[in-house]
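Visitor: Let me begin by handing over the structure; questions about it come next.
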Amino acid sequence: MPPLPSAPQPDPLFATAPDRRGTGSEKWDRWAGRDVIPTWVADMDFSAPEVVLDAIRARVNHGVFGYTDMPPGFAPALAEHLGRRHGWEIEPEWVTSTPGVVNGLAITARLLTKPGDGIITFTPVYPPFLSLPGLAGRECVRVPLAQASTQWTIDWDRLESAVTPTTKLFWLCHPHNPTGTVFREPDLLQIAEFAARHDLTVISDEIWADLLLDEDHGGPRHVPFASLDHAKARDAITLVAPSKTWNLAGLGCAAAISRDRSLLKRWRPTGGGLVPMINPLGYAAAEAAWRHGDEWRRRLITILRHHRDLVLDTVATIPGLSCAIPEATYLVWIDCRDSGVADPQAACEAAGLGPSDGKDFGFPGFIRLNTACPTDRLREILRRLTRAFSKEPR
Ligand SMILES: Cc1ncc(COP(=O)(O)O)c(C=O)c1O
């Protein structure tokens, strides 16, 4: 791990955030009317970049919002972005749009497996990875990552013993939510080997790929799974979206990337009429973010890295709390099991803090904090975190 960089100059872009109360915000409505700062669902409190807002305004000014398929610039913008950022050269023909990454995962279950088949995933994990297989009548095969002090790592023996002849898919969350793990190339190649040996198709959810925190300080870079020089990797389906990086989740626009064009043709029909078209504002925003959003993204990373370090510093001062160092995302996954607090989520809520509850990720006793808010608010969040686990009466 490289030495931690010093605190950045405050960035006016991220010093304040609009009031989201009363806007239908899932994050802010959960404890509406109570003095609880929400720090759970993975969206940011910051406004989207001006370059994206301009593109949305321009599309609004066009004034016609009829049925909309992929506009001609969408797939090329994504292809250029992946080439520039990750050195992964794709053809625009490999891209199809889909209204969200979760929706994309659900489609792959139906497209590539039959009822009763198994889908492997590492845990703890973003909750839909656990619930979607069952909702599709498939089995979720959970393989816990191994917990170490600074990183969560792959337990290859557990992986090998979990797979069965009916396991057909491997849902890889890369980078991994909630631990912030960035899988390195040797691990990814080993996953490809494992998938080849057991005839699994890998679905790589790379929604967090543009939020690697230490990339500019000698830390790991993102290696797209499907960019590996391995036949199994070339067969993978990659799911991406601009929604985490540029805070566009409410616009519902994502993409699936596959070299198999017949599979892409079956993508939407697999939804059986339940998968809607993407709205034109989502397309406009995505294209602008991929084409013009990098300067904003780099400034965002600076603040998110600082926020990650503030959380780590605070966690280190609270007896019984610990966490591995997240290398990506704006999430910090905190182990509270040695705190003596039986229900960490309830203790946080009582102290005015609303994190995600680890039990939704398959790991009770943990909480997940979202750091994507102005620094002053994060400092208040950390005061409340300390209060939640303090032995003093409140
Ligand atoms: C790993 C991962 N995949 C998918 C999503 C959600 O994607 P979408 O909103 O495009 O369905 C999230 C949201 O937090 C996530 O963390």
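Identifiers in the structure tokens: chain A, B, ... in order shown; residue index from 1 per chain; ligand index from 1 in order shown.
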Can you tell me which residues surround Ser161 in chain A at a distance of at most 12 Å, considering only C-alpha atoms, apart from same-chain residues fewer than 6 positions away, and format the answer as a compact mmCIF listing (two decimals) with C-alpha atoms, in the first residue's frame?
Guide:
# COMPACT_ATOMS: atom_id res chain seq x y z
CA ILE A 120 -21.65 -18.43 -8.04
CA VAL A 141 -23.95 -20.35 -4.62
CA ARG A 142 -22.20 -18.18 -2.03
CA VAL A 143 -18.44 -18.29 -1.64
CA PRO A 144 -17.16 -16.12 1.21
CA ASP A 155 -10.43 -18.38 -0.92
CA THR A 167 -23.36 -24.26 -11.57
CA PHE A 194 -11.60 -21.90 -12.91
CA HIS A 198 -16.12 -25.90 -14.87
Visitor: Pick out the residues sitting within 12 Å of Glu93 in chain A, and hand them over as an mmCIF file with C-alpha atoms, in the first residue's frame; count only C-alpha atoms, and ignore anything fewer than 4 positions along from it in its own chain.
Guide:
data_model
loop_
_atom_site.group_PDB
_atom_site.id
_atom_site.type_symbol
_atom_site.label_atom_id
_atom_site.label_comp_id
_atom_site.auth_asym_id
_atom_site.auth_seq_id
_atom_site.Cartn_x
_atom_site.Cartn_y
_atom_site.Cartn_z
ATOM 1 C CA MET A 70 -29.272 3.460 -28.714
ATOM 2 C CA PRO A 72 -25.399 6.540 -32.692
ATOM 3 C CA PHE A 74 -23.640 5.867 -27.279
ATOM 4 C CA ALA A 75 -21.659 2.704 -28.036
ATOM 5 C CA PRO A 76 -18.700 4.586 -29.622
ATOM 6 C CA LEU A 78 -18.355 3.813 -24.295
ATOM 7 C CA ALA A 79 -15.788 2.113 -26.533
ATOM 8 C CA GLU A 89 -10.339 -1.995 -27.126
ATOM 9 C CA SER A 97 -27.971 -0.905 -23.679
ATOM 10 C CA ALA A 255 -24.670 -1.296 -21.007
ATOM 11 C CA ALA A 256 -23.820 -4.940 -21.573
ATOM 12 C CA ILE A 257 -20.731 -5.852 -23.590
ATOM 13 C CA SER A 258 -20.338 -9.187 -25.335
ATOM 14 C CA ARG A 259 -18.607 -10.408 -28.494
ATOM 15 C CA ASP A 260 -21.572 -12.694 -29.141
ATOM 16 C CA ARG A 261 -23.948 -10.705 -31.322
ATOM 17 C CA SER A 262 -26.646 -13.392 -31.361
ATOM 18 C CA LEU A 263 -26.700 -13.220 -27.577
ATOM 19 C CA LEU A 264 -27.050 -9.435 -27.700
ATOM 20 C CA LYS A 265 -30.008 -9.797 -30.069
#
Visitor: Mind the document's chain letters and residue numbers, and return as an MDAnalysis selection string the residues of range 30-191 of chain A that DSSP labels helix (DSSP H, G or I).
Guide: chainID A and resid 50:62 74:86 92:94 101:112 128:135 156:162 185:191
Visitor: Which residue out of A:Glu349, A:Asp360, A:Asp229, A:Glu91 has the minimum interatomic distance to Pro186 in chain A when only C-alpha atoms are used?
Guide: A:Asp229
Visitor: Compile a residue-level contact table for chain A against ligand 1 at a cut-off of 10 Å, reporting for every qualifying residue the shortest atom pair and its distance in Å to one decimal, with only C-alpha atoms and all ligand atoms counted, rows ordered by chain and ascending number, as a tab-separated table.
Guide:
residue	atom	partner	partner_atom_place_in_ligand_line	distance
A:Trp40	CA	ligand 1	14 (O)	9.8
A:Val41	CA	ligand 1	14 (O)	6.8
A:Ala42	CA	ligand 1	14 (O)	4.7
A:Asp43	CA	ligand 1	14 (O)	7.2
A:Thr98	CA	ligand 1	10 (O)	8.6
A:Pro99	CA	ligand 1	10 (O)	6.9
A:Gly100	CA	ligand 1	10 (O)	3.4
A:Val101	CA	ligand 1	10 (O)	3.7
A:Val102	CA	ligand 1	11 (O)	3.8
A:Asn103	CA	ligand 1	11 (O)	5.8
A:Gly104	CA	ligand 1	11 (O)	7.6
A:Leu105	CA	ligand 1	4 (C)	8.4
A:Ala106	CA	ligand 1	11 (O)	9.9
A:Val125	CA	ligand 1	1 (C)	7.8
A:Tyr126	CA	ligand 1	1 (C)	5.7
A:Pro127	CA	ligand 1	16 (O)	8.7
A:Pro128	CA	ligand 1	4 (C)	8.0
A:Phe129	CA	ligand 1	3 (N)	8.3
A:Leu172	CA	ligand 1	1 (C)	8.9
A:Cys173	CA	ligand 1	1 (C)	5.6
A:His174	CA	ligand 1	1 (C)	7.5
A:Pro175	CA	ligand 1	1 (C)	7.7
A:His176	CA	ligand 1	1 (C)	6.6
A:Asn177	CA	ligand 1	1 (C)	5.3
A:Pro178	CA	ligand 1	16 (O)	7.5
A:Ser204	CA	ligand 1	1 (C)	9.5
A:Asp205	CA	ligand 1	3 (N)	6.0
A:Glu206	CA	ligand 1	1 (C)	7.2
A:Ile207	CA	ligand 1	3 (N)	5.8
A:Trp208	CA	ligand 1	1 (C)	6.8
A:Ala209	CA	ligand 1	1 (C)	9.9
A:Leu239	CA	ligand 1	3 (N)	8.5
A:Val240	CA	ligand 1	10 (O)	7.8
A:Ala241	CA	ligand 1	10 (O)	6.2
A:Pro242	CA	ligand 1	10 (O)	8.4
A:Ser243	CA	ligand 1	10 (O)	6.5
A:Lys244	CA	ligand 1	13 (C)	7.2
A:Leu248	CA	ligand 1	9 (O)	8.7
A:Ala249	CA	ligand 1	9 (O)	5.3
A:Gly250	CA	ligand 1	9 (O)	7.6
A:Leu251	CA	ligand 1	9 (O)	8.9
A:Gly252	CA	ligand 1	10 (O)	6.4
A:Cys253	CA	ligand 1	10 (O)	6.7
A:Ala254	CA	ligand 1	10 (O)	5.8
A:Ala255	CA	ligand 1	10 (O)	8.8
A:Thr329	CA	ligand 1	16 (O)	8.6
A:Leu331	CA	ligand 1	16 (O)	9.5
Visitor: Quick one: residues within 12 Å of Glu215 in chain A, only C-alpha atoms counted, chain neighbours fewer than 4 positions away excluded, as a compact mmCIF listing (two decimals) with C-alpha atoms, in the first residue's frame?
Guide:
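Output below, filename around_28.txt:
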# COMPACT_ATOMS: atom_id res chain seq x y z
CA MET A 1 0.00 0.00 0.00
CA PRO A 2 1.54 3.37 -0.96
CA ARG A 85 -9.31 4.60 -19.28
CA HIS A 86 -8.64 0.87 -19.17
CA VAL A 182 -9.80 -4.58 -6.67
CA ALA A 209 -14.43 0.42 -12.45
CA ASP A 210 -13.89 4.18 -12.72
CA LEU A 211 -13.63 4.78 -8.99
CA GLY A 219 -2.16 1.74 -6.36
CA PRO A 220 -3.93 -0.86 -8.49
CA ARG A 221 -5.59 -0.09 -11.79
CA HIS A 222 -8.78 -1.69 -13.03
CA VAL A 223 -8.28 -4.64 -15.39
CA ARG A 298 -10.42 12.82 -11.18
CA ILE A 301 -11.44 10.63 -6.68
CA THR A 302 -9.27 13.10 -4.76
CA ARG A 305 -9.70 9.10 -1.26
CA GLU A 327 -9.14 0.40 -2.92
CA ALA A 328 -12.23 1.37 -4.91
Visitor: May I ask for the distance between CA of Ala136 in chain A and CA of Arg266 in chain A, given in Å to one decimal place?
Guide: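 CA of Arg266 in chain A lies at a distance of 17.2 Å from CA of Ala136 in chain A.
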Visitor: Using only C-alpha atoms, find the one residue out of A:Ala316, A:Leu382, A:Cys373, A:Ala285 that sits nearest to Arg57 in chain A.
Guide: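 The answer is A:Ala285, which sits nearest to Arg57 in chain A.
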Visitor: Considering only C-alpha atoms, state which residue in the set A:Leu312, A:Ala192, A:Ile37, A:Ile154 is at the smallest distance from Cys348 in chain A.
Guide: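 Closest to Cys348 in chain A, using only C-alpha atoms: A:Ile37.
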Visitor: For Pro344 in chain A, list every protein, DNA or RNA residue within 12 Å, evaluated using only C-alpha atoms, and leave out those in the same chain fewer than 4 positions away; present the list as a ChimeraX atom specification.
Guide: /A:320-321,334-340,348-351,353-359,363-368,385-390
Visitor: Give me a file of those residues, with C-alpha atoms, as a compact mmCIF listing (two decimals), in the first residue's frame.
Guide:
# COMPACT_ATOMS: atom_id res chain seq x y z
CA GLY A 320 -13.83 -3.24 18.52
CA LEU A 321 -14.24 -1.76 15.03
CA ILE A 334 -16.75 -2.03 8.77
CA ASP A 335 -16.52 -5.10 11.00
CA CYS A 336 -18.29 -4.33 14.29
CA ARG A 337 -18.39 -7.85 15.70
CA ASP A 338 -15.82 -7.17 18.44
CA SER A 339 -17.50 -3.96 19.59
CA GLY A 340 -19.75 -5.64 22.13
CA CYS A 348 -26.04 3.62 14.55
CA GLU A 349 -29.64 4.59 13.92
CA ALA A 350 -30.06 5.44 17.59
CA ALA A 351 -26.99 7.70 17.28
CA LEU A 353 -26.64 7.54 11.50
CA GLY A 354 -28.13 5.41 8.74
CA PRO A 355 -25.56 3.01 7.22
CA SER A 356 -26.31 -0.18 5.27
CA ASP A 357 -26.80 -3.21 7.47
CA GLY A 358 -24.26 -5.99 6.85
CA LYS A 359 -26.92 -8.65 7.18
CA PHE A 363 -22.72 -10.65 6.91
CA PRO A 364 -24.52 -9.61 10.12
CA GLY A 365 -22.32 -7.63 12.50
CA PHE A 366 -20.95 -5.42 9.73
CA ILE A 367 -22.08 -2.02 8.46
CA ARG A 368 -21.32 -0.23 5.20
CA LEU A 385 -20.32 6.66 14.37
CA THR A 386 -18.08 7.20 17.39
CA ARG A 387 -21.14 7.96 19.52
CA ALA A 388 -22.91 4.79 18.34
CA PHE A 389 -20.14 2.60 19.70
CA SER A 390 -19.28 4.65 22.76
Visitor: In terms of the shortest atom-to-atom distance over only C-alpha atoms, which of A:Ala17, A:Leu213, A:Leu188, A:Leu200 is closest to His230 in chain A?
Guide: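 With only C-alpha atoms as the atom set, the closest residue is A:Leu188.
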Visitor: Interatomic distance between CA of Ile56 in chain A and CA of Asp294 in chain A?
Guide: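 If I compute the distance from CA of Ile56 in chain A to CA of Asp294 in chain A, I get 17.3 Å.
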Visitor: Could you pull out the residues in range 185-318 of chain A that DSSP calls strand (DSSP E or B) from the backbone, as a ChimeraX atom specification?
Guide: /A:201-205,212,237-240,254-257
Visitor: Smallest atom-to-atom distance to Pro326 in chain A: which of A:Asp235, A:Lys391, A:Gly180, A:Tyr283, using only C-alpha atoms?
Guide: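 Ranking A:Asp235, A:Lys391, A:Gly180, A:Tyr283 by distance to Pro326 in chain A, first place goes to A:Gly180.
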Visitor: Any idea what's packed within 7 Å of range 270-276 of chain A, counting only C-alpha atoms, ignoring anything in its chain fewer than 4 positions away? Could you give it as a list of chain:residue names?
Guide: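 Selected residues are A:Ile107, A:Arg110, A:Leu111, A:Arg266.
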Visitor: Considering only C-alpha atoms, can you say which of A:Asp29, A:Pro374, A:Glu287, A:Gly352 comes closest to Val51 in chain A?
Guide: A:Glu287
Visitor: CA of Phe65 in chain A and CA of Ile278 in chain A are how many Å apart?
Guide: 11.0 Å
Visitor: Give me, as number ranges by chain, all polymer residues having an atom no more than 12 Å from Ala32 in chain A, counting only C-alpha atoms and skipping those fewer than 2 positions away in the same chain.
Guide: A: 20-30, 34-38, 352, 354
Visitor: Take the residues from that selection and write them out as a PDB file, in the first residue's frame, keeping C-alpha atoms.
Guide:
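Result written to selection_3.pdb:
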ATOM      1  CA  ARG A  20     -32.365  15.987  -1.541  1.00  0.00           C
ATOM      2  CA  ARG A  21     -35.192  15.794   0.971  1.00  0.00           C
ATOM      3  CA  GLY A  22     -38.615  15.819  -0.679  1.00  0.00           C
ATOM      4  CA  THR A  23     -37.218  14.809  -4.093  1.00  0.00           C
ATOM      5  CA  GLY A  24     -38.166  11.150  -3.815  1.00  0.00           C
ATOM      6  CA  SER A  25     -34.587  10.250  -2.941  1.00  0.00           C
ATOM      7  CA  GLU A  26     -34.530   6.635  -1.791  1.00  0.00           C
ATOM      8  CA  LYS A  27     -31.528   7.399   0.357  1.00  0.00           C
ATOM      9  CA  TRP A  28     -32.959  10.462   2.112  1.00  0.00           C
ATOM     10  CA  ASP A  29     -36.554   9.290   2.448  1.00  0.00           C
ATOM     11  CA  ARG A  30     -35.711   6.223   4.499  1.00  0.00           C
ATOM     12  CA  ARG A  34     -35.805  11.941  11.896  1.00  0.00           C
ATOM     13  CA  ASP A  35     -32.368  13.261  12.714  1.00  0.00           C
ATOM     14  CA  VAL A  36     -30.630  10.388  10.947  1.00  0.00           C
ATOM     15  CA  ILE A  37     -27.968  11.114   8.313  1.00  0.00           C
ATOM     16  CA  PRO A  38     -28.407   8.524   5.572  1.00  0.00           C
ATOM     17  CA  GLY A 352     -28.435   9.463  14.219  1.00  0.00           C
ATOM     18  CA  GLY A 354     -28.127   5.412   8.738  1.00  0.00           C
TER      19      GLY A 354
END
